[in-house]
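What's in target01.txt: compact mmCIF, C-alpha atoms
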```txt
# COMPACT_ATOMS: atom_id res chain seq x y z
CA MET X 1 135.65 117.94 151.39
CA LYS X 2 132.99 115.89 153.14
CA LYS X 3 130.46 118.66 152.60
CA ALA X 4 131.26 118.65 148.87
CA ASN X 5 130.71 114.88 148.77
CA LEU X 6 127.40 115.32 150.58
CA TYR X 7 126.27 117.91 148.05
CA SER X 8 127.30 115.59 145.24
CA VAL X 9 125.26 112.72 146.69
CA MET X 10 122.26 114.98 147.24
CA PHE X 11 122.50 116.22 143.68
CA ASP X 12 122.65 112.63 142.36
CA VAL X 13 119.61 111.69 144.42
CA PHE X 14 117.72 114.72 143.14
CA ILE X 15 118.59 113.89 139.52
CA ASN X 16 117.53 110.26 140.02
CA ILE X 17 114.20 111.35 141.48
CA ILE X 18 113.58 113.67 138.53
CA LEU X 19 114.47 110.91 136.07
CA ALA X 20 112.21 108.45 137.89
CA MET X 21 109.33 110.92 137.64
CA VAL X 22 110.00 111.37 133.91
CA VAL X 23 109.96 107.59 133.45
CA VAL X 24 106.64 107.31 135.29
CA VAL X 25 105.07 110.13 133.29
CA THR X 26 106.34 108.57 130.06
CA LEU X 27 105.30 104.98 130.80
CA TYR X 28 101.94 105.63 132.42
CA PRO X 29 100.00 106.34 129.18
CA PHE X 30 101.42 103.21 127.58
CA LEU X 31 100.68 101.04 130.63
CA HIS X 32 97.18 102.47 130.81
CA VAL X 33 96.52 101.61 127.16
CA VAL X 34 97.76 98.04 127.70
CA SER X 35 95.70 97.65 130.88
CA VAL X 36 92.47 98.93 129.35
CA SER X 37 92.87 96.73 126.28
CA LEU X 38 93.19 93.66 128.51
CA SER X 39 90.49 94.54 131.03
CA ASP X 40 86.85 93.68 131.45
CA PRO X 41 84.64 96.26 129.69
CA TYR X 42 82.54 96.76 132.84
CA ALA X 43 85.67 97.62 134.87
CA VAL X 44 86.74 100.10 132.20
CA MET X 45 83.31 101.70 132.17
CA GLN X 46 83.50 102.11 135.96
CA ASN X 47 87.01 103.71 135.74
CA LYS X 48 88.64 100.96 137.80
CA VAL X 49 91.57 100.43 135.44
CA ASN X 50 94.88 102.25 135.92
CA PHE X 51 98.24 100.49 135.92
CA TYR X 52 97.14 96.87 135.60
CA PRO X 53 94.25 95.00 133.94
CA VAL X 54 91.06 94.39 135.90
CA GLY X 55 89.11 91.28 134.92
CA PHE X 56 91.70 90.09 132.42
CA ASN X 57 90.30 89.03 129.04
CA LEU X 58 91.24 89.14 125.36
CA ASN X 59 87.79 89.86 123.93
CA ALA X 60 88.84 93.27 122.60
CA TYR X 61 91.78 91.77 120.70
CA LYS X 62 89.52 89.03 119.32
CA SER X 63 87.15 91.73 118.08
CA VAL X 64 89.91 93.74 116.42
CA LEU X 65 91.68 90.79 114.83
CA SER X 66 88.42 89.30 113.56
CA ASN X 67 87.83 92.32 111.33
CA PRO X 68 89.17 91.53 107.82
CA TYR X 69 89.90 95.20 107.16
CA ILE X 70 92.62 95.31 109.80
CA TRP X 71 94.54 92.63 107.90
CA ILE X 72 94.06 94.49 104.62
CA SER X 73 95.22 97.74 106.19
CA TYR X 74 98.12 95.94 107.89
CA LYS X 75 99.27 94.53 104.55
CA ASN X 76 98.98 97.94 102.91
CA THR X 77 100.93 99.63 105.69
CA ILE X 78 103.71 97.05 105.53
CA VAL X 79 103.98 97.46 101.75
CA TYR X 80 103.97 101.27 102.00
CA THR X 81 106.56 101.19 104.79
CA VAL X 82 108.96 98.73 103.14
CA VAL X 83 108.81 100.26 99.65
CA GLY X 84 108.75 103.84 100.92
CA THR X 85 111.69 103.32 103.29
CA ALA X 86 113.74 101.66 100.54
CA VAL X 87 113.10 104.60 98.19
CA ASN X 88 113.91 107.08 100.97
CA LEU X 89 117.20 105.39 101.86
CA VAL X 90 118.43 105.09 98.28
CA LEU X 91 117.64 108.68 97.30
CA THR X 92 118.65 110.27 100.62
CA THR X 93 121.95 108.39 100.70
CA ALA X 94 122.79 109.31 97.11
CA MET X 95 122.02 113.00 97.58
CA ALA X 96 123.64 113.25 101.03
CA TYR X 97 126.83 111.63 99.78
CA SER X 98 126.95 114.00 96.81
CA LEU X 99 126.39 117.10 98.94
CA SER X 100 129.08 115.98 101.39
CA LYS X 101 131.73 116.50 98.69
CA LYS X 102 133.13 120.02 98.70
CA TYR X 103 134.26 119.71 95.08
CA LEU X 104 130.66 119.17 93.86
CA PHE X 105 129.75 121.85 91.32
CA GLY X 106 126.87 123.98 92.63
CA ARG X 107 127.09 122.39 96.09
CA LYS X 108 126.22 125.60 97.90
CA PHE X 109 123.23 126.28 95.65
CA PHE X 110 121.81 122.80 96.08
CA SER X 111 122.35 122.95 99.85
CA ILE X 112 120.54 126.30 100.16
CA PHE X 113 117.77 125.18 97.82
CA THR X 114 117.28 121.99 99.84
CA THR X 115 117.30 123.82 103.17
CA PHE X 116 114.71 126.26 101.80
CA THR X 117 112.20 123.40 101.48
CA LEU X 118 112.57 122.74 105.19
CA PHE X 119 110.81 126.02 105.99
CA PHE X 120 108.60 126.70 102.97
CA ASN X 121 106.35 124.59 100.78
CA GLY X 122 103.48 125.10 98.36
CA GLY X 123 100.75 123.90 100.70
CA ILE X 124 98.04 121.28 100.49
CA ILE X 125 96.22 122.49 97.38
CA PRO X 126 99.29 122.87 95.10
CA ASN X 127 100.59 119.50 96.29
CA TYR X 128 97.25 117.86 95.56
CA ILE X 129 97.14 119.43 92.08
CA ILE X 130 100.66 118.14 91.33
CA ILE X 131 99.81 114.63 92.52
CA SER X 132 96.60 114.72 90.48
CA LYS X 133 98.33 115.95 87.29
CA LEU X 134 100.92 113.20 87.65
CA GLY X 135 98.13 110.62 87.78
CA LEU X 136 99.11 109.37 91.22
CA ILE X 137 95.75 109.82 92.97
CA ASP X 138 94.62 106.56 94.61
CA SER X 139 98.12 105.14 94.10
CA MET X 140 100.79 103.94 96.51
CA TRP X 141 103.28 106.34 94.92
CA ALA X 142 101.22 109.33 96.04
CA LEU X 143 102.32 108.43 99.59
CA ILE X 144 105.97 107.78 98.73
CA LEU X 145 107.28 110.12 96.05
CA PRO X 146 106.31 113.47 97.67
CA ILE X 147 108.41 112.56 100.72
CA ALA X 148 111.11 110.59 98.92
CA ILE X 149 113.81 112.73 100.59
CA GLY X 150 113.37 114.18 104.06
CA THR X 151 115.31 117.43 104.27
CA TRP X 152 116.25 117.09 107.94
CA ASN X 153 117.33 113.47 107.46
CA LEU X 154 119.32 114.52 104.42
CA MET X 155 121.26 117.13 106.41
CA VAL X 156 121.99 114.69 109.24
CA MET X 157 123.28 112.05 106.81
CA ARG X 158 125.31 114.62 104.89
CA ASN X 159 127.01 115.76 108.09
CA TYR X 160 127.78 112.15 108.95
CA PHE X 161 129.42 111.56 105.57
CA GLU X 162 131.43 114.76 105.95
CA GLY X 163 132.86 113.40 109.19
CA LEU X 164 134.27 110.26 107.58
CA PRO X 165 138.04 110.23 106.83
CA SER X 166 138.60 111.27 103.24
CA GLU X 167 141.80 109.19 103.07
CA ILE X 168 139.77 105.96 102.90
CA GLU X 169 137.88 107.13 99.84
CA GLU X 170 141.02 108.49 98.22
CA SER X 171 142.73 105.13 98.65
CA ALA X 172 139.78 103.36 97.06
CA ALA X 173 139.80 105.83 94.16
CA ILE X 174 143.52 105.20 93.59
CA ASP X 175 142.75 101.47 93.45
CA GLY X 176 140.35 102.15 90.58
CA CYS X 177 136.96 102.47 92.30
CA ASN X 178 134.49 104.88 90.78
CA PRO X 179 132.30 107.08 93.06
CA VAL X 180 129.43 104.56 93.11
CA GLN X 181 131.80 101.73 94.11
CA VAL X 182 133.36 103.93 96.79
CA LEU X 183 129.91 104.65 98.22
CA VAL X 184 128.68 101.04 98.12
CA LYS X 185 131.87 99.20 99.09
CA ILE X 186 133.65 101.68 101.36
CA VAL X 187 131.28 104.29 102.79
CA LEU X 188 128.08 102.33 103.46
CA PRO X 189 129.76 99.46 105.41
CA VAL X 190 131.17 101.98 107.91
CA SER X 191 127.91 103.97 108.04
CA LYS X 192 125.68 101.42 109.76
CA PRO X 193 124.73 103.77 112.65
CA ILE X 194 123.39 106.56 110.44
CA PHE X 195 121.85 104.05 108.03
CA ALA X 196 119.97 102.34 110.87
CA THR X 197 118.90 105.73 112.21
CA MET X 198 117.49 106.81 108.86
CA THR X 199 115.77 103.45 108.46
CA LEU X 200 114.03 103.92 111.79
CA PHE X 201 113.08 107.54 111.06
CA TYR X 202 111.61 106.78 107.66
CA ALA X 203 109.94 103.52 108.69
CA VAL X 204 108.18 105.16 111.64
CA TRP X 205 107.13 108.05 109.40
CA HIS X 206 105.56 105.73 106.83
CA TRP X 207 104.01 103.52 109.50
CA ASN X 208 102.35 106.49 111.22
CA THR X 209 101.41 108.52 108.14
CA TYR X 210 97.76 109.48 108.22
CA PHE X 211 96.98 112.70 106.38
CA SER X 212 98.49 111.75 103.00
CA PRO X 213 96.44 108.55 102.54
CA LEU X 214 93.36 110.37 103.77
CA LEU X 215 93.95 113.01 101.10
CA TYR X 216 95.13 110.93 98.15
CA LEU X 217 93.49 107.50 98.53
CA ASN X 218 89.87 106.82 97.60
CA ASP X 219 89.75 103.03 97.51
CA LYS X 220 89.04 101.53 100.94
CA GLU X 221 91.04 98.44 99.97
CA LYS X 222 94.18 100.63 99.79
CA TYR X 223 93.80 102.31 103.18
CA PRO X 224 96.74 101.90 105.60
CA LEU X 225 96.46 100.99 109.25
CA GLN X 226 96.25 104.59 110.45
CA ILE X 227 93.02 105.19 108.51
CA PHE X 228 91.57 102.04 110.05
CA MET X 229 92.55 103.40 113.48
CA GLN X 230 90.91 106.72 112.64
CA GLN X 231 87.63 104.94 111.97
CA ILE X 232 87.85 103.16 115.32
CA LEU X 233 89.24 105.93 117.54
CA ILE X 234 87.55 109.04 116.15
CA THR X 235 84.40 108.04 114.34
CA GLY X 236 83.72 105.28 116.87
CA GLU X 237 83.15 102.60 114.26
CA THR X 238 82.93 99.52 116.51
CA SER X 239 80.23 97.60 114.68
CA PHE X 240 82.55 94.62 114.31
CA ALA X 241 82.58 94.31 118.11
CA ASN X 242 79.53 92.07 118.00
CA THR X 243 81.93 89.16 117.75
CA VAL X 244 82.16 89.38 121.53
CA VAL X 245 79.62 86.95 122.91
CA GLY X 246 77.52 87.47 125.99
CA ILE X 247 77.68 91.26 126.25
CA GLU X 248 74.61 93.40 125.82
CA ASP X 249 74.91 96.82 124.20
CA THR X 250 78.33 95.86 122.86
CA ASN X 251 79.21 99.22 121.30
CA LEU X 252 78.73 100.99 124.61
CA LEU X 253 80.63 98.53 126.76
CA ILE X 254 83.67 97.58 124.75
CA SER X 255 84.23 100.72 122.70
CA ASN X 256 87.16 101.82 124.88
CA THR X 257 88.70 98.37 125.13
CA VAL X 258 88.47 97.94 121.36
CA LYS X 259 90.00 101.36 120.76
CA TYR X 260 92.94 100.66 123.06
CA ALA X 261 93.41 97.16 121.63
CA THR X 262 93.53 98.71 118.15
CA ILE X 263 96.26 101.09 119.32
CA MET X 264 98.32 98.20 120.69
CA VAL X 265 97.93 96.16 117.51
CA ALA X 266 99.06 99.16 115.45
CA ILE X 267 102.16 100.10 117.47
CA LEU X 268 103.37 96.59 118.33
CA PRO X 269 105.66 96.17 115.25
CA ILE X 270 107.47 99.46 115.92
CA ILE X 271 107.92 98.52 119.59
CA MET X 272 109.42 95.18 118.55
CA VAL X 273 111.82 96.70 116.01
CA TYR X 274 113.09 99.65 118.05
CA PRO X 275 115.23 97.71 120.60
CA PHE X 276 117.30 96.23 117.77
CA LEU X 277 118.00 99.68 116.28
CA GLN X 278 118.38 101.68 119.49
CA LYS X 279 122.18 101.30 119.75
CA TYR X 280 122.56 102.58 116.18
CA PHE X 281 119.88 105.23 116.66
CA ILE X 282 121.62 107.15 119.46
CA LYS X 283 125.08 106.91 117.91
CA GLY X 284 123.86 107.93 114.47
CA VAL X 285 121.99 111.01 115.69
CA LEU X 286 124.91 112.22 117.81
CA ILE X 287 127.54 111.73 115.11
CA GLY X 288 125.34 113.12 112.36
CA SER X 289 124.59 116.30 114.27
CA VAL X 290 128.14 117.36 115.20
CA LYS X 291 128.45 119.77 112.30
CA GLY X 292 125.80 122.39 111.56
```
Structure rendered as structure tokens:
Amino acid sequence: MKKANLYSVMFDVFINIILAMVVVVTLYPFLHVVSVSLSDPYAVMQNKVNFYPVGFNLNAYKSVLSNPYIWISYKNTIVYTVVGTAVNLVLTTAMAYSLSKKYLFGRKFFSIFTTFTLFFNGGIIPNYIIISKLGLIDSMWALILPIAIGTWNLMVMRNYFEGLPSEIEESAAIDGCNPVQVLVKIVLPVSKPIFATMTLFYAVWHWNTYFSPLLYLNDKEKYPLQIFMQQILITGETSFANTVVGIEDTNLLISNTVKYATIMVAILPIIMVYPFLQKYFIKGVLIGSVKG
């Protein structure tokens, strides 16, 4: 018996060590980005920065935030995220609730047809031609309508609705509620976990979207934050860094600090929102994935 307890303790210690290593591996890139963004450019250039800032200063953040295009791109990203997420939630909820009803005519056909799009699509050129023919090029809707319903999110939400007790909806129907009233007044109030999960999924998707605006948007004033980041991180566009005073050869010295500060500015809203949705996120994913 004692030997079994010893093995159990050793196993727990081993698991804790593995989990601690996973935490370190996961957090290190984030801590490194924060440290570099807050460090002196000379220390960064000499590779002295690891877990904590060296020569703490906020010059990189001043450089990033002084660029008017980051505020324009921030506004665009917020608009795309809010409007896009609202469209996603309304359409995904409506379709998922419909497909969760076994008495729906053609339910199997629609389910198979929807699942088919998860594995196959027309490709970039046909999609671009469709968007162009619809007159959506250089429009916000070119980033929203093509992904109005995420197939995987639809299946998760449908499975969640299928798991709800049908007696509640039947009682509401007997009381005179039509299907829309049942959905709005009965189903949605008890579906906060999956609703919060879908909100997080779609919001993060819209916030991080990069390829679609690069493909469909031509006006620089309509670029989202990710395109601004692409100009900083990939093309090395740090000309606005001359707002930092007292540094010679600015582009060379602060390029890395500016890049990492840009990353932090871009991901900060998602980091701030996630803790409030985490409890719903885990519960919603687990419940919504019980049935296949």
Using only C-alpha atoms, which protein or nucleic acid residues come within 10 Å of Ser139 (chain X)? Drop anything in the same chain fewer than 3 positions from it, and give the result as a PyMOL selection string.
chain X and resi 131+135-136+142-144+213+216-219+222
Ser191 (chain X) environment, 9 Å, all atoms listed in the file, sequence neighbours closer than 4 positions dropped, as a list in words:
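Contacts, in chain order: Tyr160, Phe161, Leu164, Val187, Phe195, Ala196 and Gly284 of chain X.
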CA of Val156 (chain X) to CA of Ala86 (chain X): how many Å, to one decimal?
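Between CA of Val156 (chain X) and CA of Ala86 (chain X) the gap is 17.7 Å.
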Which residues are close to region 70-73 of chain X, i.e. within 6 Å by all atoms listed in the file, leaving aside same-chain residues fewer than 4 positions away? Reply as a PyMOL selection string.
chain X and resi 223-225
Taking into account only C-alpha atoms, which residue in the set X:Leu215, X:Ala94, X:Leu104, X:Trp205 is nearest to Val182 (chain X)?
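Of all the options, X:Ala94 lies closest to Val182 (chain X).
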Please measure the separation of CA of Lys259 (chain X) and CA of Ser63 (chain X), giving the value in Å to one decimal.
10.4 Å
Among listed residues X:Ile232, X:Met157, X:Val54, X:Ile186, nearest Glu169 (chain X) (using all atoms listed in the file):
X:Ile186
Skipping near chain neighbours, those fewer than 6 positions away, what residues fall within 9 Å of region 264-275 of chain X using only C-alpha atoms, listed as number ranges by chain?
X: 33-34, 37, 61, 64-65, 74, 200, 203-204, 207-208, 225-226, 229, 281
Tell me which protein, DNA and RNA residues are within 10 Å of region 107-118 of chain X, counting all atoms listed in the file, leaving out same-chain ones fewer than 3 positions away, and put them as an MDAnalysis selection string.
chainID X and resid 95:96 98:104 121:122 149:152 154:155
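Proximity of X:Ile124, X:Ile263, X:Ser35, X:Ser66 to Pro146 (chain X), computed with only C-alpha atoms, is greatest for X:Ile124.
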